[in-house]
Amino acid sequence: MSSSPSATPEPKPQVAADLMLRNPKTLTAAASVAEAREQLANPKVQMVLLVEDGAFKGAVTRVPADASPRERALAYVDTSAETISPHASADEAFERVAASPNRRVIVVDDDNNLLGLLCLNPSRTGLCNGDPGSCS
């Protein structure tokens, strides 16, 4: 009885979902400016993700100095914050995050639910790949 060598299956190409941080820090959509400022004071935080029942509502990248601490952070969402499908190719994910001024692209599904965050390391040589501590 002869056995044929088993063929090694081709590796499945990576997609954005394989490269994202799966549990990025978030605040509720009702978060205050004071809460967003507190998060943004950390030099490792490039954007504050606002969610409501899992749905992505916006990202805050900066808050004006004259904004009242009691205002809702949602009033200051960055309309240029990019989102990407979890099914986008790894090449597209890297290109998009490398082109982002804050080195971040938000991963959302077709219903706009937050799935994760693509984070480019400070040297712009690679993605943080699940280690939030490596992303400054």
# chains A, B, ... in the order shown; residues from 1 in each chain; ligands from 1
>>> select_by_dssp(residues="range 8-87 of chain A", states="helix (DSSP H, G or I)", output="list in words")
Ala16, Ala17, Asp18, Leu19, Val33, Ala34, Glu35, Ala36, Arg37, Glu38, Gln39, Leu40, Ala73, Leu74, Ala75 and Tyr76 of chain A
>>> write_last_selection(atoms="C-alpha atoms", output="mmCIF file, in the first residue's frame")
data_model
loop_
_atom_site.group_PDB
_atom_site.id
_atom_site.type_symbol
_atom_site.label_atom_id
_atom_site.label_comp_id
_atom_site.auth_asym_id
_atom_site.auth_seq_id
_atom_site.Cartn_x
_atom_site.Cartn_y
_atom_site.Cartn_z
ATOM 1 C CA ALA A 16 -7.936 43.223 8.322
ATOM 2 C CA ALA A 17 -9.719 41.130 10.977
ATOM 3 C CA ASP A 18 -6.537 39.052 11.420
ATOM 4 C CA LEU A 19 -4.436 42.158 12.080
ATOM 5 C CA VAL A 33 -15.632 65.830 26.934
ATOM 6 C CA ALA A 34 -13.888 65.407 30.311
ATOM 7 C CA GLU A 35 -13.821 61.610 29.824
ATOM 8 C CA ALA A 36 -12.490 61.946 26.272
ATOM 9 C CA ARG A 37 -9.817 64.412 27.396
ATOM 10 C CA GLU A 38 -8.735 62.006 30.118
ATOM 11 C CA GLN A 39 -8.262 59.230 27.525
ATOM 12 C CA LEU A 40 -6.494 61.533 25.042
ATOM 13 C CA ALA A 73 -17.667 64.081 23.342
ATOM 14 C CA LEU A 74 -19.844 62.979 20.427
ATOM 15 C CA ALA A 75 -20.043 66.659 19.429
ATOM 16 C CA TYR A 76 -16.342 66.489 18.517
#
>>> residues_around(residues="Leu127 in chain A", least_positions_apart="6", cutoff="9 Å", atoms="only C-alpha atoms", output="mmCIF file with C-alpha atoms, in the first residue's frame")
data_model
loop_
_atom_site.group_PDB
_atom_site.id
_atom_site.type_symbol
_atom_site.label_atom_id
_atom_site.label_comp_id
_atom_site.auth_asym_id
_atom_site.auth_seq_id
_atom_site.Cartn_x
_atom_site.Cartn_y
_atom_site.Cartn_z
ATOM 1 C CA LEU A 19 -4.436 42.158 12.080
ATOM 2 C CA MET A 20 -6.669 44.305 14.289
ATOM 3 C CA PHE A 94 -1.630 48.300 5.912
ATOM 4 C CA VAL A 97 -3.411 52.682 8.249
ATOM 5 C CA LEU A 118 -5.860 48.698 13.165
ATOM 6 C CA CYS A 119 -2.871 50.410 14.773
ATOM 7 C CA LEU A 120 0.418 51.213 13.067
ATOM 8 C CA ASN A 121 3.464 51.286 15.316
ATOM 9 C CA CYS A 135 1.237 50.930 19.928
#
>>> residues_around(residues="Val105 in chain A", least_positions_apart="5", cutoff="12 Å", atoms="only C-alpha atoms", output="PDB file with C-alpha atoms, in the first residue's frame")
ATOM      1  CA  ALA A  16      -7.936  43.223   8.322  1.00  0.00           C
ATOM      2  CA  ALA A  17      -9.719  41.130  10.977  1.00  0.00           C
ATOM      3  CA  LEU A  19      -4.436  42.158  12.080  1.00  0.00           C
ATOM      4  CA  MET A  20      -6.669  44.305  14.289  1.00  0.00           C
ATOM      5  CA  LEU A  21      -6.693  44.878  18.028  1.00  0.00           C
ATOM      6  CA  PRO A  24      -9.751  48.510  21.781  1.00  0.00           C
ATOM      7  CA  GLN A  46      -4.531  58.520  19.316  1.00  0.00           C
ATOM      8  CA  MET A  47      -8.329  58.423  19.232  1.00  0.00           C
ATOM      9  CA  VAL A  48     -11.261  57.735  21.521  1.00  0.00           C
ATOM     10  CA  LEU A  49     -13.787  55.321  20.061  1.00  0.00           C
ATOM     11  CA  GLY A  58     -17.572  58.100  16.072  1.00  0.00           C
ATOM     12  CA  ALA A  59     -13.953  58.709  16.962  1.00  0.00           C
ATOM     13  CA  SER A  80     -12.131  62.072   8.674  1.00  0.00           C
ATOM     14  CA  ALA A  81     -11.562  59.011  10.920  1.00  0.00           C
ATOM     15  CA  GLU A  82     -11.446  56.036   8.567  1.00  0.00           C
ATOM     16  CA  THR A  83     -13.239  52.734   8.799  1.00  0.00           C
ATOM     17  CA  ILE A  84     -12.460  49.497   6.997  1.00  0.00           C
ATOM     18  CA  SER A  85     -14.184  46.158   6.464  1.00  0.00           C
ATOM     19  CA  PRO A  86     -12.851  43.180   8.409  1.00  0.00           C
ATOM     20  CA  ALA A  88     -10.270  43.939   3.446  1.00  0.00           C
ATOM     21  CA  GLU A  92      -5.176  47.329   1.836  1.00  0.00           C
ATOM     22  CA  ALA A  93      -5.330  47.449   5.651  1.00  0.00           C
ATOM     23  CA  PHE A  94      -1.630  48.300   5.912  1.00  0.00           C
ATOM     24  CA  GLU A  95      -1.822  50.918   3.140  1.00  0.00           C
ATOM     25  CA  ARG A  96      -4.826  52.615   4.724  1.00  0.00           C
ATOM     26  CA  VAL A  97      -3.411  52.682   8.249  1.00  0.00           C
ATOM     27  CA  ALA A  98      -0.009  53.884   6.955  1.00  0.00           C
ATOM     28  CA  ALA A  99      -1.747  56.776   5.185  1.00  0.00           C
ATOM     29  CA  SER A 100      -3.770  57.739   8.274  1.00  0.00           C
ATOM     30  CA  LEU A 114     -17.139  48.082  16.099  1.00  0.00           C
ATOM     31  CA  LEU A 115     -15.006  44.966  15.643  1.00  0.00           C
ATOM     32  CA  GLY A 116     -11.533  46.308  16.301  1.00  0.00           C
ATOM     33  CA  LEU A 117      -8.835  48.803  15.501  1.00  0.00           C
ATOM     34  CA  LEU A 118      -5.860  48.698  13.165  1.00  0.00           C
ATOM     35  CA  CYS A 119      -2.871  50.410  14.773  1.00  0.00           C
ATOM     36  CA  LEU A 120       0.418  51.213  13.067  1.00  0.00           C
ATOM     37  CA  LEU A 127       0.890  46.811  12.832  1.00  0.00           C
TER      38      LEU A 127
END
>>> closest_residue(among="A:Val63, A:Arg124, A:Ala90, A:Ile106", to="Lys25 in chain A", atoms="only C-alpha atoms")
A:Ile106
>>> select_by_dssp(residues="range 20-127 of chain A", states="strand (DSSP E)", output="PyMOL selection string")
chain A and resi 26-28+48-52+55-60+83-84+104-108+114-119
>>> atom_distance(atom1="CA of Glu71 in chain A", atom2="CA of Ala29 in chain A")
11.7 Å
>>> atom_distance(atom1="CA of Leu50 in chain A", atom2="CA of Asp111 in chain A")
15.4 Å
>>> closest_residue(among="A:Pro11, A:His87, A:Ser32, A:Thr26", to="Ser68 in chain A", atoms="only C-alpha atoms")
A:Ser32
>>> decode(residues="range 7-45 of chain A", atoms="N, CA and C atoms", output="PDB file, in the first residue's frame")
ATOM      1  N   ALA A   7      -0.498  16.970   0.641  1.00  0.00           N
ATOM      2  CA  ALA A   7      -0.216  18.312   0.159  1.00  0.00           C
ATOM      3  C   ALA A   7      -0.448  19.314   1.284  1.00  0.00           C
ATOM      4  N   THR A   8       0.461  20.226   1.404  1.00  0.00           N
ATOM      5  CA  THR A   8       0.307  21.281   2.392  1.00  0.00           C
ATOM      6  C   THR A   8      -0.646  22.321   1.825  1.00  0.00           C
ATOM      7  N   PRO A   9      -1.712  22.606   2.554  1.00  0.00           N
ATOM      8  CA  PRO A   9      -2.660  23.591   2.020  1.00  0.00           C
ATOM      9  C   PRO A   9      -2.021  24.980   1.975  1.00  0.00           C
ATOM     10  N   GLU A  10      -2.430  25.726   0.964  1.00  0.00           N
ATOM     11  CA  GLU A  10      -1.967  27.098   0.854  1.00  0.00           C
ATOM     12  C   GLU A  10      -2.473  27.886   2.061  1.00  0.00           C
ATOM     13  N   PRO A  11      -1.614  28.718   2.650  1.00  0.00           N
ATOM     14  CA  PRO A  11      -2.105  29.528   3.775  1.00  0.00           C
ATOM     15  C   PRO A  11      -3.156  30.523   3.291  1.00  0.00           C
ATOM     16  N   LYS A  12      -4.145  30.709   4.117  1.00  0.00           N
ATOM     17  CA  LYS A  12      -5.223  31.640   3.797  1.00  0.00           C
ATOM     18  C   LYS A  12      -4.662  33.064   3.898  1.00  0.00           C
ATOM     19  N   PRO A  13      -4.896  33.894   2.893  1.00  0.00           N
ATOM     20  CA  PRO A  13      -4.379  35.269   2.963  1.00  0.00           C
ATOM     21  C   PRO A  13      -4.966  36.012   4.159  1.00  0.00           C
ATOM     22  N   GLN A  14      -4.141  36.811   4.785  1.00  0.00           N
ATOM     23  CA  GLN A  14      -4.623  37.580   5.932  1.00  0.00           C
ATOM     24  C   GLN A  14      -5.520  38.714   5.474  1.00  0.00           C
ATOM     25  N   VAL A  15      -6.449  39.054   6.359  1.00  0.00           N
ATOM     26  CA  VAL A  15      -7.371  40.168   6.132  1.00  0.00           C
ATOM     27  C   VAL A  15      -7.300  41.092   7.349  1.00  0.00           C
ATOM     28  N   ALA A  16      -7.968  42.225   7.250  1.00  0.00           N
ATOM     29  CA  ALA A  16      -7.936  43.223   8.322  1.00  0.00           C
ATOM     30  C   ALA A  16      -8.302  42.626   9.679  1.00  0.00           C
ATOM     31  N   ALA A  17      -9.289  41.733   9.708  1.00  0.00           N
ATOM     32  CA  ALA A  17      -9.719  41.130  10.977  1.00  0.00           C
ATOM     33  C   ALA A  17      -8.599  40.340  11.643  1.00  0.00           C
ATOM     34  N   ASP A  18      -7.659  39.811  10.855  1.00  0.00           N
ATOM     35  CA  ASP A  18      -6.537  39.052  11.420  1.00  0.00           C
ATOM     36  C   ASP A  18      -5.490  39.968  12.055  1.00  0.00           C
ATOM     37  N   LEU A  19      -5.496  41.229  11.679  1.00  0.00           N
ATOM     38  CA  LEU A  19      -4.436  42.158  12.080  1.00  0.00           C
ATOM     39  C   LEU A  19      -4.861  43.176  13.134  1.00  0.00           C
ATOM     40  N   MET A  20      -6.136  43.244  13.420  1.00  0.00           N
ATOM     41  CA  MET A  20      -6.669  44.305  14.289  1.00  0.00           C
ATOM     42  C   MET A  20      -6.520  43.972  15.771  1.00  0.00           C
ATOM     43  N   LEU A  21      -6.538  45.034  16.584  1.00  0.00           N
ATOM     44  CA  LEU A  21      -6.693  44.878  18.028  1.00  0.00           C
ATOM     45  C   LEU A  21      -8.165  44.558  18.229  1.00  0.00           C
ATOM     46  N   ARG A  22      -8.453  43.463  18.890  1.00  0.00           N
ATOM     47  CA  ARG A  22      -9.839  43.006  19.000  1.00  0.00           C
ATOM     48  C   ARG A  22     -10.643  43.695  20.098  1.00  0.00           C
ATOM     49  N   ASN A  23      -9.989  44.230  21.074  1.00  0.00           N
ATOM     50  CA  ASN A  23     -10.706  44.871  22.186  1.00  0.00           C
ATOM     51  C   ASN A  23     -10.137  46.254  22.469  1.00  0.00           C
ATOM     52  N   PRO A  24     -10.281  47.169  21.520  1.00  0.00           N
ATOM     53  CA  PRO A  24      -9.751  48.510  21.781  1.00  0.00           C
ATOM     54  C   PRO A  24     -10.531  49.194  22.888  1.00  0.00           C
ATOM     55  N   LYS A  25      -9.885  50.121  23.552  1.00  0.00           N
ATOM     56  CA  LYS A  25     -10.574  50.891  24.585  1.00  0.00           C
ATOM     57  C   LYS A  25     -11.665  51.722  23.931  1.00  0.00           C
ATOM     58  N   THR A  26     -12.809  51.783  24.600  1.00  0.00           N
ATOM     59  CA  THR A  26     -13.933  52.559  24.086  1.00  0.00           C
ATOM     60  C   THR A  26     -14.575  53.339  25.228  1.00  0.00           C
ATOM     61  N   LEU A  27     -15.361  54.312  24.851  1.00  0.00           N
ATOM     62  CA  LEU A  27     -16.256  55.012  25.768  1.00  0.00           C
ATOM     63  C   LEU A  27     -17.648  54.924  25.161  1.00  0.00           C
ATOM     64  N   THR A  28     -18.653  55.102  25.990  1.00  0.00           N
ATOM     65  CA  THR A  28     -20.024  55.099  25.469  1.00  0.00           C
ATOM     66  C   THR A  28     -20.261  56.369  24.673  1.00  0.00           C
ATOM     67  N   ALA A  29     -21.249  56.326  23.806  1.00  0.00           N
ATOM     68  CA  ALA A  29     -21.597  57.497  23.002  1.00  0.00           C
ATOM     69  C   ALA A  29     -22.041  58.665  23.872  1.00  0.00           C
ATOM     70  N   ALA A  30     -22.411  58.395  25.112  1.00  0.00           N
ATOM     71  CA  ALA A  30     -22.829  59.451  26.038  1.00  0.00           C
ATOM     72  C   ALA A  30     -21.656  60.043  26.819  1.00  0.00           C
ATOM     73  N   ALA A  31     -20.435  59.624  26.535  1.00  0.00           N
ATOM     74  CA  ALA A  31     -19.268  60.095  27.286  1.00  0.00           C
ATOM     75  C   ALA A  31     -19.117  61.611  27.183  1.00  0.00           C
ATOM     76  N   SER A  32     -18.575  62.171  28.237  1.00  0.00           N
ATOM     77  CA  SER A  32     -18.376  63.617  28.291  1.00  0.00           C
ATOM     78  C   SER A  32     -17.034  64.013  27.681  1.00  0.00           C
ATOM     79  N   VAL A  33     -16.896  65.280  27.393  1.00  0.00           N
ATOM     80  CA  VAL A  33     -15.632  65.830  26.934  1.00  0.00           C
ATOM     81  C   VAL A  33     -14.542  65.552  27.969  1.00  0.00           C
ATOM     82  N   ALA A  34     -14.873  65.673  29.255  1.00  0.00           N
ATOM     83  CA  ALA A  34     -13.888  65.407  30.311  1.00  0.00           C
ATOM     84  C   ALA A  34     -13.360  63.978  30.219  1.00  0.00           C
ATOM     85  N   GLU A  35     -14.244  63.011  29.954  1.00  0.00           N
ATOM     86  CA  GLU A  35     -13.821  61.610  29.824  1.00  0.00           C
ATOM     87  C   GLU A  35     -12.928  61.417  28.593  1.00  0.00           C
ATOM     88  N   ALA A  36     -13.295  62.052  27.487  1.00  0.00           N
ATOM     89  CA  ALA A  36     -12.490  61.946  26.272  1.00  0.00           C
ATOM     90  C   ALA A  36     -11.124  62.598  26.488  1.00  0.00           C
ATOM     91  N   ARG A  37     -11.102  63.741  27.120  1.00  0.00           N
ATOM     92  CA  ARG A  37      -9.817  64.412  27.396  1.00  0.00           C
ATOM     93  C   ARG A  37      -8.916  63.541  28.258  1.00  0.00           C
ATOM     94  N   GLU A  38      -9.512  62.881  29.243  1.00  0.00           N
ATOM     95  CA  GLU A  38      -8.735  62.006  30.118  1.00  0.00           C
ATOM     96  C   GLU A  38      -8.070  60.889  29.301  1.00  0.00           C
ATOM     97  N   GLN A  39      -8.822  60.291  28.389  1.00  0.00           N
ATOM     98  CA  GLN A  39      -8.262  59.230  27.525  1.00  0.00           C
ATOM     99  C   GLN A  39      -7.165  59.792  26.613  1.00  0.00           C
ATOM    100  N   LEU A  40      -7.437  60.936  25.984  1.00  0.00           N
ATOM    101  CA  LEU A  40      -6.494  61.533  25.042  1.00  0.00           C
ATOM    102  C   LEU A  40      -5.228  62.067  25.721  1.00  0.00           C
ATOM    103  N   ALA A  41      -5.269  62.249  27.029  1.00  0.00           N
ATOM    104  CA  ALA A  41      -4.077  62.703  27.757  1.00  0.00           C
ATOM    105  C   ALA A  41      -2.988  61.633  27.760  1.00  0.00           C
ATOM    106  N   ASN A  42      -3.377  60.382  27.549  1.00  0.00           N
ATOM    107  CA  ASN A  42      -2.414  59.288  27.470  1.00  0.00           C
ATOM    108  C   ASN A  42      -1.755  59.349  26.092  1.00  0.00           C
ATOM    109  N   PRO A  43      -0.421  59.490  26.021  1.00  0.00           N
ATOM    110  CA  PRO A  43       0.235  59.621  24.720  1.00  0.00           C
ATOM    111  C   PRO A  43       0.045  58.400  23.802  1.00  0.00           C
ATOM    112  N   LYS A  44      -0.332  57.260  24.357  1.00  0.00           N
ATOM    113  CA  LYS A  44      -0.569  56.074  23.536  1.00  0.00           C
ATOM    114  C   LYS A  44      -1.942  56.088  22.877  1.00  0.00           C
ATOM    115  N   VAL A  45      -2.816  56.959  23.327  1.00  0.00           N
ATOM    116  CA  VAL A  45      -4.178  57.023  22.782  1.00  0.00           C
ATOM    117  C   VAL A  45      -4.219  58.081  21.684  1.00  0.00           C
TER     118      VAL A  45
END
